[in-house]
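**Q** Handing you a structure now.
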Amino acid sequence: MTAIKMQTQKMHSCRRPKMQFLEIFTRSLIILCIALAIILSSISVCDGHWLFANAKVFGLWHFCIMEQHGVPNCTTDLNVASIHGLQVGLIFSRTAVSFGVVAAIFGLELLIVSQVCEDPHSRKKWSFGSQLVLLSFALSATGMLSFVIWLWNQVSFMGFTLTYWCQFTAVFLFFLNGISGLHIHSLMQLPIVHPGNM
């Protein structure tokens with residue numbers, strides 16, 4: 001009986017490094033994907049030209065009218081678009097998306113610190129970082145949705161620009177990796193049952 005217990009414990013100790021490697025690999029992958037999402041979202045927000053419709057370009061920061069030879073005539077005065085409430089609506093959209101990027105950056109920093117600096121609070125840092133990434137998803141998704149709502153009459157599937165789809169991809173990655181981070185945290189909170197104690 002003792003020999004069986006010793007063999008079982010030996011098998012368990014042999015499996016532990018593999019589980020640790022899998023955990024480290026998964027956490028590193030989550031961090032990498034969040035970093036990619038931040039880059040995509042930052043590019044999308046800085047460019048800001050999200051919708052092309054009827055020779056007009058609607059963006060977070062500018063409104064452009066395409067003139068002859070495809071030369072855009074842009075202005076920061078969004079009231080020129082003659083859409084009621086667009087100025088206020090897009091201020092809300094770009095504020096939400098911008099704060100989404102900021103929340104994701106702080107979340108990413110906490111995730112990295114939790115992996116680099118092993119201390120009693122590492123798991124709490126990971127959990128809080130994942131929550132910030134989910135907050136980033138909520139803010140970014142709200143900004144995108146409000147943009148579509150304010151320009152609903154102009155929206156067409158083919159009218160969305162590449163930078164809009166970059167933001168869409170970033171929002172999806174924020175959600176997926178935020179949920180994954182919290183799921184991994186909950187798995188690590190489960191008690192470890194040693195086969196020798198069964």
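FYI, nothing fancy with the structure tokens labels: chains A, B, ... in order, residues from 1 per chain, ligands from 1 as they appear.
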Compile the contact shell of A:Leu132 as a PyMOL selection string: residues with an atom at most 12 Å away, counting only C-alpha atoms, same-chain residues fewer than 2 positions apart removed.

**A** chain A and resi 34+99-111+125-130+134-139+174-175+177-179+181-182

**Q** Apply DSSP to the backbone of this structure and, from stretch 2-180 of chain A, keep only the residues in strand (DSSP E); write these as a list in words.

**A**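 For stretch 2-180 of chain A, the strand (DSSP E) set is His49, Trp50, Leu51, Phe52, Ala53, Lys56, Val57, Phe58, Gly59, Phe63, Cys64, Ile65, Met66, Pro72, Asn73, Cys74 and Thr75 of chain A.
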
**Q** If you run DSSP on the backbone, which residues of stretch 32-73 of chain A are helix (DSSP H, G or I), as a PyMOL selection string?

**A** chain A and resi 32-47+68-70

**Q** Deliver the residues from the most recent selection as a file, using N, CA and C atoms, as a PDB file, in the first residue's frame.

**A**
```pdb
ATOM      1  N   LEU A  32       0.166  38.486 -24.505  1.00  0.00           N
ATOM      2  CA  LEU A  32       0.526  38.826 -25.886  1.00  0.00           C
ATOM      3  C   LEU A  32      -0.688  39.292 -26.676  1.00  0.00           C
ATOM      4  N   CYS A  33      -1.816  38.595 -26.528  1.00  0.00           N
ATOM      5  CA  CYS A  33      -3.029  38.959 -27.259  1.00  0.00           C
ATOM      6  C   CYS A  33      -3.581  40.307 -26.801  1.00  0.00           C
ATOM      7  N   ILE A  34      -3.486  40.585 -25.497  1.00  0.00           N
ATOM      8  CA  ILE A  34      -3.945  41.884 -24.990  1.00  0.00           C
ATOM      9  C   ILE A  34      -3.063  43.007 -25.523  1.00  0.00           C
ATOM     10  N   ALA A  35      -1.757  42.767 -25.574  1.00  0.00           N
ATOM     11  CA  ALA A  35      -0.840  43.766 -26.132  1.00  0.00           C
ATOM     12  C   ALA A  35      -1.175  44.043 -27.598  1.00  0.00           C
ATOM     13  N   LEU A  36      -1.482  42.982 -28.357  1.00  0.00           N
ATOM     14  CA  LEU A  36      -1.877  43.144 -29.754  1.00  0.00           C
ATOM     15  C   LEU A  36      -3.171  43.932 -29.863  1.00  0.00           C
ATOM     16  N   ALA A  37      -4.123  43.653 -28.975  1.00  0.00           N
ATOM     17  CA  ALA A  37      -5.399  44.372 -28.989  1.00  0.00           C
ATOM     18  C   ALA A  37      -5.195  45.859 -28.687  1.00  0.00           C
ATOM     19  N   ILE A  38      -4.295  46.171 -27.772  1.00  0.00           N
ATOM     20  CA  ILE A  38      -4.014  47.575 -27.442  1.00  0.00           C
ATOM     21  C   ILE A  38      -3.430  48.297 -28.651  1.00  0.00           C
ATOM     22  N   ILE A  39      -2.525  47.621 -29.363  1.00  0.00           N
ATOM     23  CA  ILE A  39      -1.924  48.222 -30.560  1.00  0.00           C
ATOM     24  C   ILE A  39      -2.999  48.495 -31.618  1.00  0.00           C
ATOM     25  N   LEU A  40      -3.861  47.504 -31.863  1.00  0.00           N
ATOM     26  CA  LEU A  40      -4.929  47.668 -32.858  1.00  0.00           C
ATOM     27  C   LEU A  40      -5.881  48.794 -32.464  1.00  0.00           C
ATOM     28  N   SER A  41      -6.273  48.826 -31.192  1.00  0.00           N
ATOM     29  CA  SER A  41      -7.199  49.852 -30.730  1.00  0.00           C
ATOM     30  C   SER A  41      -6.573  51.238 -30.786  1.00  0.00           C
ATOM     31  N   SER A  42      -5.288  51.333 -30.441  1.00  0.00           N
ATOM     32  CA  SER A  42      -4.596  52.634 -30.482  1.00  0.00           C
ATOM     33  C   SER A  42      -4.526  53.164 -31.915  1.00  0.00           C
ATOM     34  N   ILE A  43      -4.193  52.286 -32.853  1.00  0.00           N
ATOM     35  CA  ILE A  43      -4.156  52.696 -34.263  1.00  0.00           C
ATOM     36  C   ILE A  43      -5.529  53.160 -34.721  1.00  0.00           C
ATOM     37  N   SER A  44      -6.555  52.406 -34.334  1.00  0.00           N
ATOM     38  CA  SER A  44      -7.916  52.737 -34.748  1.00  0.00           C
ATOM     39  C   SER A  44      -8.372  54.076 -34.183  1.00  0.00           C
ATOM     40  N   VAL A  45      -8.067  54.326 -32.915  1.00  0.00           N
ATOM     41  CA  VAL A  45      -8.490  55.582 -32.284  1.00  0.00           C
ATOM     42  C   VAL A  45      -7.708  56.758 -32.856  1.00  0.00           C
ATOM     43  N   CYS A  46      -6.415  56.604 -33.054  1.00  0.00           N
ATOM     44  CA  CYS A  46      -5.594  57.701 -33.576  1.00  0.00           C
ATOM     45  C   CYS A  46      -5.987  58.060 -35.006  1.00  0.00           C
ATOM     46  N   ASP A  47      -6.251  57.054 -35.826  1.00  0.00           N
ATOM     47  CA  ASP A  47      -6.695  57.333 -37.195  1.00  0.00           C
ATOM     48  C   ASP A  47      -8.118  57.881 -37.171  1.00  0.00           C
ATOM     49  N   GLN A  68     -13.068  66.314 -55.914  1.00  0.00           N
ATOM     50  CA  GLN A  68     -12.589  65.748 -57.179  1.00  0.00           C
ATOM     51  C   GLN A  68     -11.179  65.177 -57.014  1.00  0.00           C
ATOM     52  N   HIS A  69     -10.908  64.141 -57.793  1.00  0.00           N
ATOM     53  CA  HIS A  69      -9.624  63.442 -57.770  1.00  0.00           C
ATOM     54  C   HIS A  69      -9.379  62.746 -56.423  1.00  0.00           C
ATOM     55  N   GLY A  70     -10.451  62.541 -55.653  1.00  0.00           N
ATOM     56  CA  GLY A  70     -10.328  61.797 -54.397  1.00  0.00           C
ATOM     57  C   GLY A  70      -9.601  62.528 -53.303  1.00  0.00           C
TER      58      GLY A  70
END
```

**Q** Neighbouring residues of A:Ala55 were defined as those with any atom within 7 Å, considering only C-alpha atoms; residues of the same chain fewer than 3 positions away were excluded. Please report them as a list of chain:residue names.

**A**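 Residues near the query, excluding close chain neighbours: A:Phe52, A:Ile65, A:Met66.
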
**Q** Dump as JSON lines the rows for residues of stretch 52-91 of chain A within 12 Å of stretch 154-161 of chain A: closest atom pair and distance in Å with one decimal, only C-alpha atoms counted, ordered by chain and rising residue number.

**A**
```
{"residue": "A:Phe52", "atom": "CA", "partner": "A:Gly159", "partner_atom": "CA", "distance": 4.8}
{"residue": "A:Ala53", "atom": "CA", "partner": "A:Gly159", "partner_atom": "CA", "distance": 5.9}
{"residue": "A:Asn54", "atom": "CA", "partner": "A:Gln154", "partner_atom": "CA", "distance": 8.2}
{"residue": "A:Ala55", "atom": "CA", "partner": "A:Gly159", "partner_atom": "CA", "distance": 10.4}
{"residue": "A:Lys56", "atom": "CA", "partner": "A:Gln154", "partner_atom": "CA", "distance": 9.6}
{"residue": "A:Val57", "atom": "CA", "partner": "A:Gly159", "partner_atom": "CA", "distance": 9.3}
{"residue": "A:Phe58", "atom": "CA", "partner": "A:Gln154", "partner_atom": "CA", "distance": 9.3}
{"residue": "A:Gly59", "atom": "CA", "partner": "A:Thr161", "partner_atom": "CA", "distance": 9.9}
{"residue": "A:Ala81", "atom": "CA", "partner": "A:Gln154", "partner_atom": "CA", "distance": 11.2}
{"residue": "A:Ile83", "atom": "CA", "partner": "A:Gln154", "partner_atom": "CA", "distance": 10.2}
```

**Q** Considering only C-alpha atoms, can you say which of A:Thr26, A:Ser122, A:Gln20, A:Ser140 comes closest to A:Ser180?

**A**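 With only C-alpha atoms as the atom set, the closest residue is A:Thr26.
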